[in-house]
Structures are given as structure tokens and as C-alpha cells.
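Data block for start.txt (compact mmCIF, C-alpha atoms):
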```txt
# COMPACT_ATOMS: atom_id res chain seq x y z
CA MET A 18 -102.33 115.50 -238.24
CA ALA A 19 -102.12 119.28 -238.55
CA LEU A 20 -99.35 120.89 -236.54
CA LYS A 21 -100.53 122.91 -233.54
CA LYS A 22 -99.54 126.54 -233.84
CA VAL A 23 -97.58 128.20 -231.02
CA GLY A 24 -97.48 132.00 -231.19
CA PHE A 25 -94.95 133.92 -229.09
CA LEU A 26 -95.53 137.59 -228.26
CA LEU A 27 -92.45 139.81 -228.49
CA PHE A 28 -92.01 143.47 -227.45
CA ASP A 29 -88.99 145.66 -226.79
CA THR A 30 -86.92 144.46 -223.81
CA PHE A 31 -88.70 141.12 -223.57
CA GLU A 32 -86.87 138.69 -221.25
CA THR A 33 -84.69 136.38 -223.36
CA LEU A 34 -85.23 133.07 -221.59
CA ASP A 35 -88.97 133.63 -221.02
CA VAL A 36 -89.28 133.21 -224.78
CA PHE A 37 -86.47 130.88 -225.75
CA GLY A 38 -86.81 128.34 -222.93
CA PRO A 39 -90.32 127.36 -224.11
CA VAL A 40 -89.14 127.69 -227.75
CA GLU A 41 -86.52 125.00 -227.13
CA ILE A 42 -89.17 122.61 -225.76
CA PHE A 43 -91.96 123.17 -228.30
CA GLY A 44 -89.39 123.50 -231.08
CA ARG A 45 -88.05 119.98 -230.46
CA LEU A 46 -91.50 118.50 -231.14
CA LYS A 47 -91.49 119.18 -234.87
CA ASN A 48 -94.16 116.58 -235.63
CA LEU A 49 -96.56 118.30 -233.20
CA TYR A 50 -95.85 122.04 -233.14
CA GLU A 51 -95.07 124.94 -235.43
CA LEU A 52 -93.64 128.10 -233.86
CA ARG A 53 -94.15 131.72 -234.92
CA PHE A 54 -93.14 135.07 -233.42
CA PHE A 55 -95.32 138.16 -233.27
CA SER A 56 -95.18 141.79 -232.13
CA LEU A 57 -97.62 144.68 -232.27
CA LYS A 58 -96.38 145.95 -235.65
CA GLY A 59 -94.07 143.11 -236.76
CA GLY A 60 -90.43 143.61 -237.80
CA VAL A 61 -87.25 143.45 -235.76
CA ILE A 62 -87.71 143.34 -231.99
CA ARG A 63 -84.68 144.00 -229.77
CA ASN A 64 -84.05 143.46 -226.10
CA ASP A 65 -81.37 144.74 -223.77
CA HIS A 66 -79.41 141.49 -223.98
CA GLY A 67 -78.43 142.50 -227.53
CA VAL A 68 -80.88 140.07 -229.16
CA ALA A 69 -82.67 141.17 -232.38
CA VAL A 70 -85.41 138.81 -233.62
CA LEU A 71 -87.73 138.98 -236.63
CA SER A 72 -91.49 139.00 -235.94
CA GLU A 73 -94.82 139.12 -237.78
CA PRO A 74 -97.64 141.56 -236.89
CA LEU A 75 -100.06 140.42 -234.16
CA ASP A 76 -102.95 141.12 -236.56
CA GLU A 77 -102.03 137.84 -238.29
CA ILE A 78 -103.45 135.89 -235.33
CA LEU A 79 -106.39 137.98 -234.10
CA GLU A 80 -108.53 134.88 -234.75
CA GLY A 81 -106.41 133.10 -232.14
CA THR A 82 -103.75 130.42 -232.19
CA ASP A 83 -103.50 127.04 -230.52
CA ILE A 84 -101.11 128.24 -227.84
CA PHE A 85 -100.41 131.93 -227.24
CA ILE A 86 -97.31 132.65 -225.13
CA ILE A 87 -96.72 135.94 -223.33
CA PRO A 88 -93.22 136.51 -221.89
CA GLY A 89 -92.13 138.99 -219.23
CA GLY A 90 -89.25 141.42 -219.06
CA TYR A 91 -88.72 145.06 -218.15
CA GLY A 92 -90.78 146.01 -221.21
CA THR A 93 -93.94 144.87 -219.42
CA ARG A 94 -93.71 147.94 -217.13
CA ILE A 95 -94.31 150.08 -220.22
CA GLU A 96 -96.58 147.74 -222.17
CA VAL A 97 -99.22 147.43 -219.40
CA GLY A 98 -100.09 151.02 -220.39
CA ASN A 99 -100.20 150.27 -224.13
CA SER A 100 -103.95 149.92 -224.67
CA GLU A 101 -103.61 148.90 -228.33
CA LEU A 102 -101.35 146.01 -227.32
CA ILE A 103 -103.48 145.00 -224.33
CA ASP A 104 -106.62 144.99 -226.54
CA LYS A 105 -104.93 142.67 -229.02
CA ILE A 106 -103.65 140.41 -226.25
CA ARG A 107 -107.25 140.20 -224.97
CA ILE A 108 -108.68 139.31 -228.41
CA ILE A 109 -105.99 136.75 -229.23
CA SER A 110 -106.09 135.18 -225.75
CA ASP A 111 -109.88 134.94 -225.89
CA ASN A 112 -109.67 133.19 -229.27
CA SER A 113 -106.79 130.84 -228.42
CA GLU A 114 -107.06 127.32 -227.08
CA PHE A 115 -104.36 127.87 -224.44
CA VAL A 116 -102.60 130.94 -223.09
CA HIS A 117 -99.25 130.69 -221.28
CA THR A 118 -97.56 133.55 -219.44
CA ILE A 119 -94.04 133.54 -218.08
CA CYS A 120 -92.76 135.79 -215.29
CA THR A 121 -94.13 139.36 -215.54
CA GLY A 122 -95.92 138.38 -218.75
CA THR A 123 -98.74 137.57 -216.33
CA ALA A 124 -99.12 141.33 -215.73
CA LEU A 125 -99.95 141.86 -219.41
CA LEU A 126 -102.60 139.12 -219.35
CA ALA A 127 -103.98 140.37 -216.01
CA ARG A 128 -104.53 143.82 -217.59
CA THR A 129 -106.95 142.27 -220.09
CA GLY A 130 -109.28 141.16 -217.28
CA LEU A 131 -109.21 137.55 -218.52
CA LEU A 132 -107.56 136.36 -215.30
CA ASN A 133 -110.24 137.89 -213.04
CA ASN A 134 -111.41 135.34 -210.45
CA ARG A 135 -108.81 132.89 -211.70
CA ARG A 136 -105.70 131.63 -209.89
CA ALA A 137 -102.40 132.89 -211.30
CA THR A 138 -98.76 133.46 -210.37
CA SER A 139 -95.75 135.48 -211.52
CA ASN A 140 -92.14 136.38 -210.78
CA LYS A 141 -91.32 136.58 -207.05
CA ARG A 142 -89.32 139.81 -207.20
CA ALA A 143 -92.02 141.72 -209.08
CA PHE A 144 -94.98 140.11 -207.34
CA GLU A 145 -96.34 143.22 -205.63
CA TRP A 146 -96.26 145.24 -208.83
CA VAL A 147 -97.81 142.43 -210.87
CA ASN A 148 -100.64 142.16 -208.33
CA THR A 149 -101.59 145.79 -208.96
CA GLN A 150 -102.25 144.95 -212.62
CA GLY A 151 -105.26 142.76 -211.78
CA GLU A 152 -106.88 143.22 -208.39
CA ALA A 153 -109.59 140.59 -209.07
CA VAL A 154 -107.00 137.92 -209.90
CA LEU A 155 -106.59 135.20 -207.26
CA TRP A 156 -102.81 135.69 -206.94
CA GLN A 157 -100.81 132.67 -205.72
CA PRO A 158 -97.43 133.74 -204.33
CA LYS A 159 -96.06 130.24 -203.71
CA ALA A 160 -96.14 128.16 -206.89
CA ARG A 161 -93.64 127.25 -209.61
CA TRP A 162 -96.59 127.61 -211.98
CA ILE A 163 -100.41 127.63 -211.86
CA THR A 164 -102.96 126.08 -214.23
CA ASP A 165 -106.52 127.44 -214.26
CA GLY A 166 -108.59 126.29 -217.21
CA LYS A 167 -106.83 127.23 -220.41
CA PHE A 168 -104.49 129.64 -218.61
CA TYR A 169 -100.98 128.59 -217.53
CA THR A 170 -99.02 131.22 -215.57
CA SER A 171 -95.48 130.74 -214.29
CA SER A 172 -93.07 132.23 -211.79
CA GLY A 173 -89.85 133.91 -212.90
CA VAL A 174 -87.98 133.21 -216.15
CA SER A 175 -86.72 129.61 -215.77
CA ALA A 176 -90.03 128.47 -214.29
CA GLY A 177 -91.44 128.83 -217.80
CA MET A 178 -89.47 125.77 -218.88
CA ASP A 179 -90.81 123.67 -216.01
CA MET A 180 -94.35 124.80 -216.88
CA THR A 181 -93.91 124.10 -220.59
CA LEU A 182 -92.77 120.55 -219.86
CA ALA A 183 -95.79 120.15 -217.53
CA PHE A 184 -98.04 121.33 -220.37
CA ILE A 185 -96.47 118.75 -222.71
CA ALA A 186 -97.04 116.11 -220.02
CA ALA A 187 -100.70 117.15 -219.57
CA VAL A 188 -101.45 117.11 -223.31
CA HIS A 189 -99.21 114.26 -224.56
CA GLY A 190 -98.28 112.29 -221.44
CA GLN A 191 -95.43 112.29 -218.95
CA ASP A 192 -93.19 110.07 -221.10
CA LEU A 193 -92.92 112.63 -223.88
CA ALA A 194 -92.13 115.42 -221.41
CA LEU A 195 -89.42 113.29 -219.80
CA GLU A 196 -88.02 112.42 -223.22
CA VAL A 197 -87.70 116.10 -224.20
CA ALA A 198 -86.16 116.98 -220.81
CA SER A 199 -83.61 114.20 -221.34
CA GLU A 200 -82.82 115.28 -224.93
CA ILE A 201 -82.02 118.79 -223.75
CA GLU A 202 -80.39 117.49 -220.53
CA TYR A 203 -82.72 119.67 -218.49
CA ILE A 204 -83.19 118.90 -214.79
CA TRP A 205 -86.97 119.32 -214.74
CA ASN A 206 -88.73 120.47 -211.57
CA SER A 207 -91.95 118.68 -212.44
CA ASP A 208 -93.84 119.56 -209.23
CA ALA A 209 -95.62 122.92 -209.44
CA GLU A 210 -95.73 123.10 -205.63
CA ILE A 211 -91.94 123.03 -205.28
CA ASP A 212 -91.02 126.70 -205.46
CA PRO A 213 -87.49 127.26 -204.14
CA PHE A 214 -87.66 131.02 -204.75
CA PHE A 215 -90.67 131.75 -202.55
CA SER A 216 -89.93 133.45 -199.27
CA ALA A 217 -92.75 134.22 -196.87
CA MET B 24 -64.43 149.67 -216.16
CA ALA B 25 -64.79 148.61 -219.81
CA LEU B 26 -67.51 146.05 -220.45
CA LYS B 27 -66.24 142.57 -221.35
CA LYS B 28 -67.39 141.53 -224.80
CA VAL B 29 -69.25 138.24 -225.23
CA GLY B 30 -69.52 137.05 -228.84
CA PHE B 31 -72.00 134.30 -229.74
CA LEU B 32 -71.50 132.24 -232.91
CA LEU B 33 -74.68 131.55 -234.90
CA PHE B 34 -75.18 129.27 -237.91
CA ASP B 35 -78.25 127.77 -239.57
CA THR B 36 -80.11 125.32 -237.28
CA PHE B 37 -78.18 126.35 -234.17
CA GLU B 38 -79.79 124.98 -230.99
CA THR B 39 -82.00 127.69 -229.46
CA LEU B 40 -81.24 127.24 -225.76
CA ASP B 41 -77.49 126.66 -226.30
CA VAL B 42 -77.37 130.32 -227.25
CA PHE B 43 -80.16 131.95 -225.25
CA GLY B 44 -79.55 130.23 -221.90
CA PRO B 45 -76.08 131.81 -221.60
CA VAL B 46 -77.46 135.05 -223.14
CA GLU B 47 -79.95 135.33 -220.26
CA ILE B 48 -77.14 135.00 -217.69
CA PHE B 49 -74.51 137.27 -219.26
CA GLY B 50 -77.25 139.66 -220.41
CA ARG B 51 -78.41 140.29 -216.84
CA LEU B 52 -74.96 141.57 -215.88
CA LYS B 53 -75.18 144.81 -217.84
CA ASN B 54 -72.48 146.54 -215.83
CA LEU B 55 -69.99 143.76 -216.70
CA TYR B 56 -70.85 142.33 -220.14
CA GLU B 57 -71.86 143.44 -223.62
CA LEU B 58 -73.33 140.76 -225.93
CA ARG B 59 -73.02 140.51 -229.72
CA PHE B 60 -74.08 137.86 -232.25
CA PHE B 61 -71.99 136.71 -235.21
CA SER B 62 -72.22 134.36 -238.18
CA LEU B 63 -69.89 133.55 -241.07
CA LYS B 64 -71.36 136.20 -243.39
CA GLY B 65 -73.63 138.16 -241.01
CA GLY B 66 -77.33 138.83 -241.64
CA VAL B 67 -80.39 136.85 -240.59
CA ILE B 68 -79.71 133.38 -239.17
CA ARG B 69 -82.64 130.96 -238.84
CA ASN B 70 -83.05 127.69 -237.01
CA ASP B 71 -85.64 124.97 -237.25
CA HIS B 72 -87.49 126.25 -234.17
CA GLY B 73 -88.70 129.16 -236.33
CA VAL B 74 -86.26 131.65 -234.77
CA ALA B 75 -84.70 134.33 -237.02
CA VAL B 76 -81.94 136.42 -235.40
CA LEU B 77 -79.79 139.25 -236.74
CA SER B 78 -76.01 138.76 -236.73
CA GLU B 79 -72.79 140.55 -237.68
CA PRO B 80 -70.02 138.96 -239.79
CA LEU B 81 -67.41 136.92 -237.90
CA ASP B 82 -64.68 139.01 -239.56
CA GLU B 83 -65.57 141.75 -237.06
CA ILE B 84 -63.92 139.74 -234.27
CA LEU B 85 -60.99 137.96 -235.95
CA GLU B 86 -58.77 139.75 -233.41
CA GLY B 87 -60.71 137.87 -230.69
CA THR B 88 -63.25 138.78 -228.06
CA ASP B 89 -63.26 138.42 -224.30
CA ILE B 90 -65.54 135.39 -224.35
CA PHE B 91 -66.36 133.49 -227.55
CA ILE B 92 -69.36 131.16 -227.29
CA ILE B 93 -69.98 128.28 -229.70
CA PRO B 94 -73.42 126.59 -229.52
CA GLY B 95 -74.45 123.19 -230.85
CA GLY B 96 -77.41 122.05 -232.90
CA TYR B 97 -78.01 119.88 -235.94
CA GLY B 98 -76.17 122.48 -238.03
CA THR B 99 -72.87 121.34 -236.50
CA ARG B 100 -73.08 118.11 -238.55
CA ILE B 101 -72.73 120.25 -241.67
CA GLU B 102 -70.49 122.99 -240.29
CA VAL B 103 -67.69 120.61 -239.17
CA GLY B 104 -67.03 120.30 -242.94
CA ASN B 105 -67.10 124.05 -243.56
CA SER B 106 -63.35 124.82 -243.64
CA GLU B 107 -63.88 128.58 -243.95
CA LEU B 108 -65.97 128.59 -240.76
CA ILE B 109 -63.62 126.23 -238.88
CA ASP B 110 -60.62 128.41 -239.84
CA LYS B 111 -62.36 131.52 -238.46
CA ILE B 112 -63.40 129.67 -235.28
CA ARG B 113 -59.72 128.68 -234.84
CA ILE B 114 -58.46 132.26 -235.31
CA ILE B 115 -61.10 133.84 -233.05
CA SER B 116 -60.73 131.16 -230.35
CA ASP B 117 -56.95 131.51 -230.40
CA ASN B 118 -57.28 135.28 -229.95
CA SER B 119 -60.02 135.23 -227.29
CA GLU B 120 -59.53 135.24 -223.54
CA PHE B 121 -62.11 132.48 -222.99
CA VAL B 122 -63.92 130.05 -225.28
CA HIS B 123 -67.15 128.33 -224.21
CA THR B 124 -68.84 125.54 -226.14
CA ILE B 125 -72.28 124.13 -225.45
CA CYS B 126 -73.48 120.68 -226.49
CA THR B 127 -72.27 119.68 -229.99
CA GLY B 128 -70.63 123.10 -230.31
CA THR B 129 -67.65 121.24 -228.85
CA ALA B 130 -67.37 119.36 -232.17
CA LEU B 131 -66.76 122.64 -234.01
CA LEU B 132 -64.02 123.67 -231.58
CA ALA B 133 -62.52 120.15 -231.64
CA ARG B 134 -62.16 120.41 -235.46
CA THR B 135 -59.85 123.40 -235.03
CA GLY B 136 -57.33 121.24 -233.12
CA LEU B 137 -57.30 123.70 -230.21
CA LEU B 138 -58.72 121.04 -227.84
CA ASN B 139 -56.01 118.49 -228.63
CA ASN B 140 -54.60 117.02 -225.41
CA ARG B 141 -57.17 118.97 -223.41
CA ARG B 142 -60.13 117.61 -221.42
CA ALA B 143 -63.55 118.36 -222.91
CA THR B 144 -67.15 117.15 -222.92
CA SER B 145 -70.29 117.38 -225.04
CA ASN B 146 -73.88 116.22 -225.43
CA LYS B 147 -74.50 112.66 -224.25
CA ARG B 148 -76.61 111.55 -227.20
CA ALA B 149 -74.11 112.75 -229.80
CA PHE B 150 -70.99 111.81 -227.86
CA GLU B 151 -69.65 109.15 -230.22
CA TRP B 152 -70.00 111.43 -233.22
CA VAL B 153 -68.44 114.39 -231.42
CA ASN B 154 -65.48 112.21 -230.43
CA THR B 155 -64.69 111.53 -234.08
CA GLN B 156 -64.21 115.27 -234.62
CA GLY B 157 -61.08 115.40 -232.45
CA GLU B 158 -59.31 112.13 -231.75
CA ALA B 159 -56.55 113.78 -229.71
CA VAL B 160 -59.06 115.42 -227.37
CA LEU B 161 -59.22 113.91 -223.87
CA TRP B 162 -62.99 113.31 -224.00
CA GLN B 163 -64.81 113.17 -220.65
CA PRO B 164 -68.14 111.36 -220.98
CA LYS B 165 -69.35 111.97 -217.41
CA ALA B 166 -69.37 115.69 -216.60
CA ARG B 167 -71.97 118.45 -216.56
CA TRP B 168 -69.16 120.64 -217.89
CA ILE B 169 -65.34 120.67 -218.08
CA THR B 170 -62.88 123.52 -217.60
CA ASP B 171 -59.39 123.20 -219.10
CA GLY B 172 -57.43 126.43 -219.19
CA LYS B 173 -59.41 129.02 -221.10
CA PHE B 174 -61.74 126.41 -222.58
CA TYR B 175 -65.13 125.64 -221.02
CA THR B 176 -67.09 122.81 -222.67
CA SER B 177 -70.53 121.65 -221.58
CA SER B 178 -72.86 118.68 -221.94
CA GLY B 179 -76.21 119.01 -223.73
CA VAL B 180 -78.20 122.22 -224.14
CA SER B 181 -79.31 123.10 -220.57
CA ALA B 182 -75.88 122.24 -219.15
CA GLY B 183 -74.69 125.44 -220.81
CA MET B 184 -76.59 127.46 -218.23
CA ASP B 185 -75.02 125.58 -215.32
CA MET B 186 -71.58 126.13 -216.89
CA THR B 187 -72.18 129.82 -217.52
CA LEU B 188 -73.15 130.36 -213.88
CA ALA B 189 -70.00 128.44 -212.85
CA PHE B 190 -67.96 130.76 -215.08
CA ILE B 191 -69.55 133.80 -213.41
CA ALA B 192 -68.72 132.25 -210.03
CA ALA B 193 -65.09 131.60 -211.05
CA VAL B 194 -64.55 135.12 -212.37
CA HIS B 195 -66.73 137.22 -210.03
CA GLY B 196 -67.43 134.98 -207.03
CA GLN B 197 -70.13 132.55 -206.00
CA ASP B 198 -72.40 135.24 -204.57
CA LEU B 199 -72.93 136.93 -207.92
CA ALA B 200 -73.68 133.60 -209.61
CA LEU B 201 -76.22 132.77 -206.90
CA GLU B 202 -77.78 136.23 -207.23
CA VAL B 203 -78.27 135.80 -211.00
CA ALA B 204 -79.66 132.28 -210.52
CA SER B 205 -82.13 133.66 -207.98
CA GLU B 206 -83.15 136.60 -210.21
CA ILE B 207 -84.02 134.21 -213.03
CA GLU B 208 -85.42 131.61 -210.59
CA TYR B 209 -83.06 129.01 -212.03
CA ILE B 210 -82.37 125.85 -210.02
CA TRP B 211 -78.61 125.80 -210.60
CA ASN B 212 -76.73 122.50 -210.66
CA SER B 213 -73.49 124.07 -209.45
CA ASP B 214 -71.46 120.83 -209.25
CA ALA B 215 -69.83 119.90 -212.57
CA GLU B 216 -69.51 116.29 -211.39
CA ILE B 217 -73.27 115.85 -211.01
CA ASP B 218 -74.34 114.67 -214.46
CA PRO B 219 -77.81 113.12 -214.31
CA PHE B 220 -77.81 112.35 -218.03
CA PHE B 221 -74.70 110.16 -218.11
CA SER B 222 -75.32 106.45 -218.48
CA ALA B 223 -72.39 104.03 -218.50
```
Starting from the coordinates I provided, produce the structure as C-alpha cells.
Amino acid sequence: MALKKVGFLLFDTFETLDVFGPVEIFGRLKNLYELRFFSLKGGVIRNDHGVAVLSEPLDEILEGTDIFIIPGGYGTRIEVGNSELIDKIRIISDNSEFVHTICTGTALLARTGLLNNRRATSNKRAFEWVNTQGEAVLWQPKARWITDGKFYTSSGVSAGMDMTLAFIAAVHGQDLALEVASEIEYIWNSDAEIDPFFSA
Amino acid sequence: MALKKVGFLLFDTFETLDVFGPVEIFGRLKNLYELRFFSLKGGVIRNDHGVAVLSEPLDEILEGTDIFIIPGGYGTRIEVGNSELIDKIRIISDNSEFVHTICTGTALLARTGLLNNRRATSNKRAFEWVNTQGEAVLWQPKARWITDGKFYTSSGVSAGMDMTLAFIAAVHGQDLALEVASEIEYIWNSDAEIDPFFSA
């Protein structure tokens, strides 16, 4: 069986764990998934945790990928105004089988319009700002993550790992998700409605 | 106040989250910590999750660093036999204020002899193998993490995040650790004795 392709978007000051939490989970499933990293122009992408990662240009996957993953981070505050990037996110997301956003990565996807009239969530501490990036999105403040069709959107940073395991469970069954969680000794919050960081 | 320096060891097929979980936590505390990444020779280090990260040569920190962090991963099976690397890990660990190991990273530190007669733990699924790398180590099979003097050793992968938050709590107080956990929406297992992945 062909490996499913997982494409991660990177940009300057991306949030470290938004990317590498899901990488750890998909990366373990070597007989199912192949992981690649992309940025607008390709090359070395740095964040303010001192991380410098190699990436390929987004143009490599304009025809879409099996799973397209959009992280958050302070960089999203700038990138929501980067129309070239938002256009490419729209094209790739439209052409991909699944799109996952973590934390304020949801703001980037919301800017494309693809979340209009769909349910979505994001980081609790940036929720008001994220909401302004897509006024027709049906924002859900209390949720560890939200699934609406092919779109998976998560709350802040670590919630991306819970969502990724839930995606593995939905596609491959709960046993595989539990096996991966056990291999990486991760205490999985497997219930999307349990959101300890929501405050009314 | 001078920033404390956190140095992460990288080697081929390091475990993604062993590194980037702690990076997320230390990286958030920009007014306290500065993060750098090292490998035996420097340059691009790749793992089998498709990640390619830039690193500096370990020789840059032979005089030690404030916190030296050693991850696990399949690469440790090879690197325990790399005497040049083990010698440098010994020198740097000896000269550093704190040394943290995650998962099978403990095997690399055990090979240096610095854990002899000290309590330490590691990944549950590789525990028997790790034990053979330091027969004078006081191995603790049931623990989310173990602190012995300047050495912090953790169980598998995700346990490194719980340990890093515990380190922040020990050095800077519980409130700061809780604040970081909340910012990254991480459900922190703050009790080292709660080890859901131990089976007798």
C-alpha cells in the first residue's frame, strides 16, 4: 500500500510543539505515513526557540497532499496578512484529503474562507483575535479539538497531539491510537469535549 | 540577569518529541533560557520522521552548559558504541550544572559512568536494554522521572515534558511551571510517582 503523505507547513516563528507533537505520532507509523516539511519558499525556517529546520517549497504540493498540517505560533499574526501564503494554503487545503490546524494555525486556514459555515476551534488565549480572522466560521470556544468534514482544528499547542491521536483512531481504529500513545508514554486526553483550559 | 544556556544533543534518528517537548517549555521562557542544538560534528541532523535540523559541533560546549539535554531514539542503540560521542557526553555532563535525559537518552549517559550508584529511569519498553548500559546504576523501573543530584532522567518520550515542567517548578517555583503548562494547554502529570505505563 502506498504511504499516505503528511505535509507540514512551516513559517518563521512557528510554534515548536504544534509541529513536532503531530510529527512524533505520524512519524511512528512508518508503514502508513511519510512526512515532509514545507514553507513558502523552502529552505531553512527558524523559530524563536532556536530551532532551524529544512523545508521544501510549498509549490511542490499545490496539487494537494493526503494530510496538510498548519501549525500556530506568533508568526501567524504576520502571516494572516501574507496573501501569497494564504492563497497557497487555500489551494493546497482545497486539494488535500484532510487539513489539520493546531492552535493559531486555525487563523491561517480561516483567512482562506474554507472554514466559513464550519465549526472550528483554536487556542484559548488568542481566541478573540483568531475569531476576527474568519467571521463566518462557527467558532467553538470549548473543545479540545473539532472535526468538521475533512477539517480538524485544535485548541492550543498540546491539544494537537490529542487531536492527531483521535485522527489515527478515526482512520485506523482506537487500538492503533492507544498503541502509539503507549509507545510514546503519552497520557492521551481522548475526549474532545474535555477541555481543561476553557474558562467561561 | 544572564540567560541560562540549554544545550540539546542531536544524533541521527533522535526521537522527535524527546527533543521538541522540552524545547517548547524552555523556549517559552525567553527571559530565562537560551536554547542551542549540538551534534558530534555539527551540521544537518536527520531522523526517521523526516525532520532535518541544523546543529553546532559539541566541541563548542566542552566546558559545559547550564543544562545539557540528552534525548533518546533508535539512534541510541548505535551511539552507545560511539566512544568519541560518549567521551564528549561525559566531559560536557561533568562540566554542566544540570543534565537531563529523556527516554533511552539515559542509556547514553549511563555509558559515561556518571550515573553509577545514582537512581535513574528510562523508557519502559527498552528498560532491559538500557539497564545493560550501566550495571552500577540504581535503575528505577516505576517512575515518570527521577531526580538524583544534578541528574534528571525520564521515562519514555512524553515523560520528558512532565520532567521539564517539574524542573522549572524546582528552580523557579510551581506557579511558573503551571503558567507554562497553561499557555501550551498541556495536561501536566506533575507527580513523578504516577507512572501509567509501568507494568510489573
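For the pair atom CA of Ala198 of chain A and atom CA of Lys22 of chain A, the interatomic distance is 21.0 Å.
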inquiry  = Taking only C-alpha atoms into account and nothing else, which residues of chain B lie no more than 9 Å away from chain A? Please answer as a ChimeraX atom specification.
reply    = /B:38-40,43-44,46-47,49-51,53,57-60,67,71-78,146-148,178-182,205-210,212,219-220
query = What's the 12 Å shell around Phe190 of chain B, counting all atoms listed in the file, without same-chain residues fewer than 2 positions away, as a ChimeraX atom specification?
reply = /B:45,48-49,90,121-123,168-170,173-177,183-188,192-197,199-201,213,215
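Here atom CA of Asp117 of chain B is placed at a distance of 26.5 Å from atom CA of Lys165 of chain B.
The gap separating atom CA of Val23 of chain A from atom CA of Glu80 of chain A is 13.4 Å, in Å to one decimal.
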ask   = Using all atoms listed in the file, which residues sit within 6 Å of Phe37 of chain B once same-chain residues fewer than 2 positions away are excluded, as a ChimeraX atom specification?
value = /B:34-35,70,95-96,98
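The nearest approach to Thr88 of chain B among the residues B:Gly30, B:Gly66, B:Gly136, B:Gly104, with all atoms listed in the file taken into account, belongs to B:Gly30.
Nearest to Ile78 of chain A of all the residues A:Val154, A:Ala127, A:Leu26, A:Val97 is A:Leu26, based on all atoms listed in the file.
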inquiry  = Give me the residues near Ala159 of chain B as a VMD selection string, where near means some atom within 9 Å (using all atoms listed in the file) and where sequence neighbours in that chain fewer than 3 positions away do not count.
reply    = chain B and resid 133 136 138 to 141 162
